[in-house]
Every structure is written in C-alpha cells, then in structure tokens.
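Down below is the structure, laid out as structure tokens.
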Amino acid sequence: MAPVLGISDLQVTFPTLDGPVAAVRGVSLTVEPGRVLGVVGESGSGKTVTMLATLGLLPGSAEVTGSVKYKGRELLGLSPSELRKVRGSGIAIIFQDPRTSLNPVHTIGHQIVEGIRIHHPEVHRKEAARRAVELLALVGIPQPDKRARDYPHQFSGGMCQRAMIAMAVANDPDVLVADEPTTALDVTIQAQILDLLRDIRGEKGVAIVLISHDLGVVAGLADEVAVMYAGRVVERGMVDDVYQQARHPYTRGLLASVPRLTDDNRGPLVSIGGGAPSLLHLPGGCVFHPRCAHEHPNCRIDDPALRRVGSVEAACHYAEEMGPVGAGS
Ligand SMILES: Nc1ncnc2c1ncn2[C@@H]1O[C@H](COP(=O)(O)OP(=O)(O)OP(=O)(O)O)[C@@H](O)[C@H]1O
Ligand code: SF4
Ligand SMILES: [Mg+2]
C-alpha cells in the first residue's frame with residue numbers, strides 16, 4: 001500500500017549561540033493508511049522536532065532538509081498557507097501539552113467550531129456546533145451538549161486530552177499525530193485515552209503516529225515502531241518483532257525497563273545507564289557507545305547505518321550477535 005506519509009532522510013539543525021544543534025539526523029519513516037506507527041525514545045531524542053518539521057511548524061531559523069511526502073506530495077518548501085491547508089484537514093496533531101494548546105478564553109465547543117470552519121468555511125456555524133457536540137460525544141465526554149459550553153479550565157486533564165482529540169479529528173484527517181498523549185495523565189485515564197485512539201482509528205480509519213517515551217504505551221496500539229536515539233532511528237520493525245527480537249542495545253534497554261504482565265523468565269526491571277548525549281557534542285562513531293554494554297573499539301569510530309537484521313532493522317554493528325531479548329540487554 002502506498003504510504004500516506006513518507007519522511008525520507010529528514011535533517012533538522014537549529015543554529016544556537018553555542019553552535020548548531022543537530023536535533024534530527026537523517027530520519028526516515030513511513031506511515032501507511034489506517035496503520036499506527038509508534039515513535040519511541042528518551043527525552044530530547046528528536047521525536048517532537050521530527051513531527052513539527054513534517055508539519056512545517058518549526059521556527060524559521062531551523063534548517064530542514066530531506067523529504068516529507070503526504071499522499072505523494074512534497075511538503076517541505078510549501079508556502080505557509082498551503083501547509084495550513086494540509087494541517088488539520090490532512091495531517092492533524094495533538095500537541096504534547098493539551099492545556100497549552102487549548103485557548104483558555106474560548107469554550108471548548110467554540111474552539112472545535114472554529115477548527116471546522118477554518119478548513120470548511122462553507123459549513124454553517126450551527127451545523128459546525130452540532131458536529132462539535134457529536135465529536136465530543138465520540139471522544140466520550142458526558143453530556144456533550146452542555147460540556148461544549150465549558151471553558152478548558154472546567155475540564156480535567158483527561159477531558160482536555162479528549163477535547164484535543166475531538167478537535168484533531170474534526171476534519172477527518174488521514175493522519176493523526178499524537179505527541180505523548182498520555183504522559184500527564186494517571187494510569188487509568190492513560191488507558192482510556194489509548195482505548196479512545198484505538199476506537200477512533202477503527203471508526204475513522206485514520207493513520208496514527210503515536211509518540212511516546214514509553215515503549216509499553218506504544219506496544220498496546222502500534223502496528224510498527226521506530227525507536228529514536230539522539231536524532232536518529234536506531235531500530236524499527238513490526239511491534240511484535242521489536243518486542244521479541246530487538247537487536248539494538250538501546251531498544252533492548254528500553255524493553256528491560258518496561259514491566260510486563262506476562263513475564264516469567266525476565267530479570268528485574270533495569271534502566272539504561274548514563275544520559276542522552278549533548279547534541280552539540282555528539283560522540284563519534286556509534287552515538288550510543290558511551291552507554292553501550294556491548295561496545296567494541298570500532299564502535300567509537302564507525303557510525304552504524306540502519307540495516308535489516310532478521311525481522312527488524314537496526315543500526316548496530318553487532319546486531320547479529322545479540323541473544324534473545326530479556327537475557328540481559
Ligand atoms: N527551537 C529549538 N532550538 C534549539 N534546540 C531545539 C529547539 N527545539 C528543540 N530543540 C532541541 O532538539 C532536541 C530534540 O527535541 P525534541 O523536542 O524533538 O525531543 P523529544 O524527543 O520530543 O523529547 P521529549 O520526550 O522531552 O518531548 C532537544 O535537544 C531540544 O533541546
Ligand atoms: S554499534 Fe557498538 S556501541 Fe553502537 S549499539 Fe552496537 S555494539 Fe553498542
Ligand atoms: Mg517531545
């Protein structure tokens with residue numbers, strides 16, 4: 001199936017007073033119609049910047065190269081007004097912090113109505129208001145006709161997230177980018193939001209890019225997963241393959257830190273030692289080498305490319321030598 005969204009060799013650099021920050025360094029991702037792609041990685045790995053670059057939402061100072069194709073049409077280089085048309089109606093995004101994305105001075109219903117009418121000015125305000133109530137019902141807001149008249153501060157965090165999802169799907173986009181949609185929420189509400197995304201995908205056939213630092217969150221919803229580290233994709237594959245046969249030590253470290261209910265032969269949960277590298281001073285060779293338990297001398301010199309190893313793709317020189325997942329990362 002032709003991808004609805006294809007990102008190839010995306011590079012994003014921010015000029016800063018300390019020097020250029022290479023936030024995204026050659027990321028390629030594809031999203032197929034109606035499928036869910038999970039993008040996972042620690043804080044600062046470039047997940048949000050990748051998607052903001054895709055949607056043309058980065059500050060003008062950012063240098064962006066590569067290619068982003070939506071339904072075969074190149075988005076990089078489109079004018080701001082052409083990009084606005086694509087956003088919302090073609091590719092919609094739920095931003096990382098729902099509360100800062102909702103306008104505190106307008107009611108939730110009004111904000112959904114405006115979102116519809118920006119892309120479809122021909123829709124009468126009353127009709128858009130009726131749709132807004134329908135959308136709030138779709139995302140599980142009780143008494144949607146009444147709650148449409150509420151302001152964001154009258155909504156809980158989980159309800160704000162539901163309202164954001166309602167706004168994002170208001171114009172039936174082909175792709176919904178959900179950036180950490182559950183991070184600020186407690187565990188029960190997190191599960192409800194993931195269920196809601198699953199239902200919406202089923203009901204509307206929308207493809208979803210689900211961004212999270214938590215591989216466990218992604219596993220429940222995604223078909224495929226891409227693992228990012230320091231601005232690159234270091235591993236990708238179908239979610240079950242990555243779960244069972246991850247080849248990159250970083251992914252294996254992430255997996256070791258995810259609690260599993262069906263766990264009988266795994267050791268205690270562990271976290272990956274060390275911290276994310278400074279993007280101003282990236283280590284040479286494999287950028288993961290300062291934290292890698294499998295490091296060999298050539299890892300400090302040769303930068304591994306993403307390549308197929310078994311059922312996944314991994315960017316590690318020693319990917320073939322990794323034993324079963326769970327037998328130590
Ligand atoms: N406007 C900017 N100027 C300079 N650096 C930036 C800018 N925006 C983002 N960065 C840097 O780009 C890197 C990637 O940031 P990004 O927000 O994509 O990370 P992330 O993977 O989404 O992390 P998180 O899980 O914390 O949301 C970070 O080091 C960040 O500091
Ligand atoms: S290339 Fe070397 S340092 Fe990098 S992940 Fe593989 S073993 Fe570790
Ligand atoms: Mg982010």
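We label chains A, B, ... in the order they appear in the structure tokens, count residues from 1 in each chain, and number ligands from 1 in the order shown.
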
Using only C-alpha atoms and all ligand atoms, tabulate the residues of chain A lying at most 10 Å from any atom of ligand 1, each with its closest atom pair and that distance in Å to one decimal, by chain and increasing residue number, as a tab-separated table.
```
residue	atom	partner	partner_atom_place_in_ligand_line	distance
A:Val12	CA	ligand 1	12 (O)	8.6
A:Thr13	CA	ligand 1	5 (N)	7.9
A:Phe14	CA	ligand 1	4 (C)	5.0
A:Pro15	CA	ligand 1	4 (C)	6.9
A:Thr16	CA	ligand 1	4 (C)	6.3
A:Leu17	CA	ligand 1	4 (C)	9.6
A:Asp18	CA	ligand 1	4 (C)	10.0
A:Gly19	CA	ligand 1	4 (C)	9.8
A:Pro20	CA	ligand 1	4 (C)	8.3
A:Val21	CA	ligand 1	5 (N)	6.0
A:Ala22	CA	ligand 1	12 (O)	7.3
A:Ala23	CA	ligand 1	12 (O)	4.4
A:Val24	CA	ligand 1	14 (C)	7.2
A:Val39	CA	ligand 1	21 (O)	9.1
A:Val40	CA	ligand 1	21 (O)	8.0
A:Gly41	CA	ligand 1	21 (O)	6.1
A:Glu42	CA	ligand 1	25 (O)	5.5
A:Ser43	CA	ligand 1	25 (O)	3.4
A:Gly44	CA	ligand 1	19 (O)	3.4
A:Ser45	CA	ligand 1	21 (O)	3.9
A:Gly46	CA	ligand 1	18 (O)	3.2
A:Lys47	CA	ligand 1	21 (O)	3.9
A:Thr48	CA	ligand 1	22 (O)	3.7
A:Val49	CA	ligand 1	18 (O)	3.7
A:Thr50	CA	ligand 1	18 (O)	6.2
A:Met51	CA	ligand 1	18 (O)	8.0
A:Leu52	CA	ligand 1	18 (O)	8.2
A:Ala53	CA	ligand 1	18 (O)	9.6
A:Leu58	CA	ligand 1	1 (N)	7.1
A:Pro59	CA	ligand 1	1 (N)	6.5
A:Gly60	CA	ligand 1	1 (N)	9.4
A:Ser61	CA	ligand 1	1 (N)	8.2
A:Ala62	CA	ligand 1	1 (N)	7.2
A:Gln96	CA	ligand 1	27 (O)	7.2
A:Asp97	CA	ligand 1	27 (O)	9.8
A:Asp179	CA	ligand 1	27 (O)	7.9
A:Glu180	CA	ligand 1	27 (O)	7.5
A:Thr183	CA	ligand 1	25 (O)	9.6
A:Ile211	CA	ligand 1	22 (O)	8.1
A:Ser212	CA	ligand 1	25 (O)	6.9
A:His213	CA	ligand 1	25 (O)	5.7
A:Asp214	CA	ligand 1	25 (O)	9.4
A:Met228	CA	ligand 1	21 (O)	7.8
A:Tyr229	CA	ligand 1	21 (O)	8.4
A:Ala230	CA	ligand 1	14 (C)	7.8
A:Gly231	CA	ligand 1	14 (C)	7.0
A:Ala276	CA	ligand 1	29 (O)	9.0
A:Pro277	CA	ligand 1	29 (O)	9.0
A:Ser278	CA	ligand 1	29 (O)	7.4
A:Leu279	CA	ligand 1	29 (O)	6.2
A:Leu280	CA	ligand 1	29 (O)	8.8
```

Okay, now the selection with C-alpha atoms, as a tab-separated table (two decimals), in the first residue's frame?
```
chain	number	residue	atom	x	y	z
A	12	VAL	CA	16.85	19.41	11.29
A	13	THR	CA	19.51	21.74	12.67
A	14	PHE	CA	18.93	24.68	14.99
A	15	PRO	CA	21.53	27.41	14.92
A	16	THR	CA	22.18	28.40	18.55
A	17	LEU	CA	24.68	30.69	20.27
A	18	ASP	CA	26.63	27.60	21.34
A	19	GLY	CA	26.73	26.21	17.82
A	20	PRO	CA	24.44	24.16	15.56
A	21	VAL	CA	22.17	21.68	17.35
A	22	ALA	CA	21.60	18.66	15.12
A	23	ALA	CA	18.23	17.59	16.54
A	24	VAL	CA	17.18	15.26	13.70
A	39	VAL	CA	7.81	6.60	17.71
A	40	VAL	CA	9.69	5.95	20.92
A	41	GLY	CA	12.77	7.44	22.55
A	42	GLU	CA	14.03	9.30	25.58
A	43	SER	CA	13.53	13.00	26.16
A	44	GLY	CA	15.47	15.03	23.60
A	45	SER	CA	15.77	12.22	21.05
A	46	GLY	CA	14.02	14.33	18.39
A	47	LYS	CA	10.51	12.84	18.32
A	48	THR	CA	8.62	16.12	18.52
A	49	VAL	CA	11.02	18.04	16.27
A	50	THR	CA	10.65	15.34	13.60
A	51	MET	CA	6.88	15.76	13.55
A	52	LEU	CA	6.97	19.56	13.82
A	53	ALA	CA	9.34	19.66	10.83
A	58	LEU	CA	9.37	24.82	13.39
A	59	PRO	CA	10.73	28.34	13.81
A	60	GLY	CA	12.03	29.86	10.56
A	61	SER	CA	15.61	29.68	11.85
A	62	ALA	CA	15.57	25.86	11.79
A	96	GLN	CA	2.40	17.39	23.81
A	97	ASP	CA	0.65	19.60	26.39
A	179	ASP	CA	2.58	13.54	20.75
A	180	GLU	CA	2.79	11.95	24.21
A	183	THR	CA	2.08	11.48	29.72
A	211	ILE	CA	4.87	9.46	20.04
A	212	SER	CA	5.92	8.30	23.48
A	213	HIS	CA	8.99	7.80	25.63
A	214	ASP	CA	7.30	4.63	26.89
A	228	MET	CA	14.84	7.11	18.13
A	229	TYR	CA	18.11	7.94	19.80
A	230	ALA	CA	19.90	11.29	19.54
A	231	GLY	CA	18.04	12.38	16.41
A	276	ALA	CA	21.32	11.30	26.46
A	277	PRO	CA	24.33	12.84	24.67
A	278	SER	CA	24.61	16.57	24.07
A	279	LEU	CA	23.50	17.29	20.53
A	280	LEU	CA	26.17	20.00	20.40
```

| message | Write out as a PyMOL selection string the set of residues from range 55-242 of chain A that DSSP, computed on the backbone, places in strand (DSSP E). | response | chain A and resi 63-70+73-74+91-94+175-179+207-212+224-229+232-238

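The shell of residues at most 10 Å from Lys85 in chain A, with only C-alpha atoms counted and near chain neighbours (fewer than 6 positions) removed, consists of Ile91, Ile118 and His119 of chain A.
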
| field | Between CA of Met159 in chain A and CA of Val139 in chain A, distance in Å (one decimal) | value |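 Separation between CA of Met159 in chain A and CA of Val139 in chain A: 9.0 Å.
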
| said: What's around Arg308 in chain A at 12 Å? Count only C-alpha atoms, leave out sequence neighbours fewer than 5 positions away in its own chain, and write the answer as a VMD selection string. | reply: chain A and resid 234 to 237 246 to 248 313 to 317 319 to 320

Output file for the selection above: N, CA and C atoms, as a PDB file, in the first residue's frame:
```pdb
ATOM      1  N   VAL A 234      17.170   4.251  15.419  1.00  0.00           N
ATOM      2  CA  VAL A 234      18.190   3.211  15.616  1.00  0.00           C
ATOM      3  C   VAL A 234      17.617   1.813  15.447  1.00  0.00           C
ATOM      4  N   GLU A 235      16.283   1.709  15.517  1.00  0.00           N
ATOM      5  CA  GLU A 235      15.676   0.394  15.277  1.00  0.00           C
ATOM      6  C   GLU A 235      14.241   0.595  14.840  1.00  0.00           C
ATOM      7  N   ARG A 236      13.782  -0.270  13.948  1.00  0.00           N
ATOM      8  CA  ARG A 236      12.359  -0.209  13.618  1.00  0.00           C
ATOM      9  C   ARG A 236      11.894  -1.567  13.123  1.00  0.00           C
ATOM     10  N   GLY A 237      10.602  -1.760  13.196  1.00  0.00           N
ATOM     11  CA  GLY A 237      10.034  -3.025  12.750  1.00  0.00           C
ATOM     12  C   GLY A 237       8.602  -3.133  13.222  1.00  0.00           C
ATOM     13  N   ALA A 246      14.302  -7.513  19.352  1.00  0.00           N
ATOM     14  CA  ALA A 246      15.054  -6.262  19.189  1.00  0.00           C
ATOM     15  C   ALA A 246      16.545  -6.572  19.111  1.00  0.00           C
ATOM     16  N   ARG A 247      17.222  -5.840  18.245  1.00  0.00           N
ATOM     17  CA  ARG A 247      18.647  -6.088  18.025  1.00  0.00           C
ATOM     18  C   ARG A 247      19.525  -4.951  18.493  1.00  0.00           C
ATOM     19  N   HIS A 248      18.933  -3.800  18.734  1.00  0.00           N
ATOM     20  CA  HIS A 248      19.773  -2.665  19.149  1.00  0.00           C
ATOM     21  C   HIS A 248      19.836  -2.619  20.683  1.00  0.00           C
ATOM     22  N   GLU A 313      14.932  -3.828  11.571  1.00  0.00           N
ATOM     23  CA  GLU A 313      16.070  -3.065  11.061  1.00  0.00           C
ATOM     24  C   GLU A 313      16.744  -2.434  12.270  1.00  0.00           C
ATOM     25  N   ALA A 314      18.057  -2.503  12.335  1.00  0.00           N
ATOM     26  CA  ALA A 314      18.768  -1.963  13.494  1.00  0.00           C
ATOM     27  C   ALA A 314      20.065  -1.304  13.042  1.00  0.00           C
ATOM     28  N   ALA A 315      20.440  -0.241  13.767  1.00  0.00           N
ATOM     29  CA  ALA A 315      21.687   0.458  13.464  1.00  0.00           C
ATOM     30  C   ALA A 315      22.715   0.093  14.525  1.00  0.00           C
ATOM     31  N   CYS A 316      23.252  -1.111  14.409  1.00  0.00           N
ATOM     32  CA  CYS A 316      24.265  -1.575  15.363  1.00  0.00           C
ATOM     33  C   CYS A 316      25.191  -2.527  14.623  1.00  0.00           C
ATOM     34  N   HIS A 317      26.508  -2.342  14.793  1.00  0.00           N
ATOM     35  CA  HIS A 317      27.470  -3.223  14.113  1.00  0.00           C
ATOM     36  C   HIS A 317      27.335  -4.667  14.579  1.00  0.00           C
ATOM     37  N   ALA A 319      24.548  -6.244  15.763  1.00  0.00           N
ATOM     38  CA  ALA A 319      23.140  -6.635  15.893  1.00  0.00           C
ATOM     39  C   ALA A 319      22.954  -8.147  15.791  1.00  0.00           C
ATOM     40  N   GLU A 320      23.722  -8.804  14.923  1.00  0.00           N
ATOM     41  CA  GLU A 320      23.563 -10.255  14.748  1.00  0.00           C
ATOM     42  C   GLU A 320      23.937 -11.027  16.010  1.00  0.00           C
TER      43      GLU A 320
END
```

| range 82-312 of chain A: residues DSSP assigns to alpha helix (DSSP H), reported as number ranges by chain | A: 82-89, 98-101, 108-119, 125-138, 144-147, 157-169, 187-204, 215-219, 239-245, 249-256

| task | Dump the neighbourhood of ligand 2 as a PyMOL selection string: all residues within 10 Å, distances computed on only C-alpha atoms and all ligand atoms. | result | chain A and resi 234+247-251+285-305+314-322

| message | If we count only C-alpha atoms and set the cut-off at 7 Å, which residues sit around Pro3 in chain A, ignoring sequence neighbours fewer than 3 positions away in its own chain? Please answer as a list in words. | response | Gly6, Thr30, Val31, Glu32, Pro33 and Lys71 of chain A

| said: Give me the residues near Leu135 in chain A as JSON, numbers by chain, where near means some atom within 12 Å (using only C-alpha atoms) and where sequence neighbours in that chain fewer than 5 positions away do not count. | reply: {"A": [108, 109, 112, 113, 116, 128, 129, 130, 140, 141, 142, 143, 144, 145, 147, 148, 162, 163, 164, 165, 166, 167, 168, 169, 170, 171, 172, 200, 204]}

| said: For a quick check of understanding, using only C-alpha atoms and all ligand atoms, which of A:Phe95, A:Ala2, A:Gly77, A:Leu10 has the smallest distance to ligand 3? | reply: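 For ligand 3, the nearest of the given residues is A:Phe95.
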
| Can you list, as JSON, numbers by chain, every protein, DNA or RNA residue that comes within 10 Å of Gly205 in chain A when you count only C-alpha atoms, leaving out same-chain residues fewer than 4 positions away? | {"A": [33, 34, 35, 172, 173, 174, 175, 198, 199, 200, 201]}

Using the selection just defined, write its residues with N, CA and C atoms as a PDB file, in the first residue's frame.
```pdb
ATOM      1  N   PRO A  33      -1.758   3.976   5.265  1.00  0.00           N
ATOM      2  CA  PRO A  33      -3.134   4.372   5.595  1.00  0.00           C
ATOM      3  C   PRO A  33      -3.730   3.475   6.683  1.00  0.00           C
ATOM      4  N   GLY A  34      -4.330   4.091   7.672  1.00  0.00           N
ATOM      5  CA  GLY A  34      -5.042   3.347   8.713  1.00  0.00           C
ATOM      6  C   GLY A  34      -4.161   2.591   9.689  1.00  0.00           C
ATOM      7  N   ARG A  35      -2.849   2.737   9.587  1.00  0.00           N
ATOM      8  CA  ARG A  35      -1.945   1.998  10.482  1.00  0.00           C
ATOM      9  C   ARG A  35      -1.436   2.907  11.598  1.00  0.00           C
ATOM     10  N   ASP A 172     -11.712  15.021   9.697  1.00  0.00           N
ATOM     11  CA  ASP A 172     -11.393  13.706   9.134  1.00  0.00           C
ATOM     12  C   ASP A 172     -10.012  13.649   8.482  1.00  0.00           C
ATOM     13  N   PRO A 173      -8.955  13.887   9.271  1.00  0.00           N
ATOM     14  CA  PRO A 173      -7.613  13.827   8.679  1.00  0.00           C
ATOM     15  C   PRO A 173      -7.250  12.390   8.290  1.00  0.00           C
ATOM     16  N   ASP A 174      -6.263  12.260   7.394  1.00  0.00           N
ATOM     17  CA  ASP A 174      -5.757  10.926   7.056  1.00  0.00           C
ATOM     18  C   ASP A 174      -4.750  10.451   8.092  1.00  0.00           C
ATOM     19  N   VAL A 175      -4.065  11.425   8.712  1.00  0.00           N
ATOM     20  CA  VAL A 175      -3.031  11.086   9.691  1.00  0.00           C
ATOM     21  C   VAL A 175      -3.253  11.923  10.945  1.00  0.00           C
ATOM     22  N   ARG A 198      -7.631   3.992  19.834  1.00  0.00           N
ATOM     23  CA  ARG A 198      -7.862   2.720  19.121  1.00  0.00           C
ATOM     24  C   ARG A 198      -9.246   2.737  18.459  1.00  0.00           C
ATOM     25  N   ASP A 199     -10.258   3.195  19.208  1.00  0.00           N
ATOM     26  CA  ASP A 199     -11.622   3.256  18.667  1.00  0.00           C
ATOM     27  C   ASP A 199     -11.691   4.209  17.478  1.00  0.00           C
ATOM     28  N   ILE A 200     -11.028   5.343  17.629  1.00  0.00           N
ATOM     29  CA  ILE A 200     -11.090   6.357  16.569  1.00  0.00           C
ATOM     30  C   ILE A 200     -10.406   5.844  15.310  1.00  0.00           C
ATOM     31  N   ARG A 201      -9.324   5.151  15.516  1.00  0.00           N
ATOM     32  CA  ARG A 201      -8.659   4.566  14.355  1.00  0.00           C
ATOM     33  C   ARG A 201      -9.606   3.583  13.661  1.00  0.00           C
TER      34      ARG A 201
END
```

| Which of A:Leu196, A:Leu57, A:Leu221, A:Leu254 sits closest to Leu138 in chain A [using only C-alpha atoms] |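 For Leu138 in chain A, the nearest of the candidates is A:Leu196.
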
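When CA of Lys69 in chain A is paired with CA of Arg117 in chain A, their separation reads 25.6 Å.
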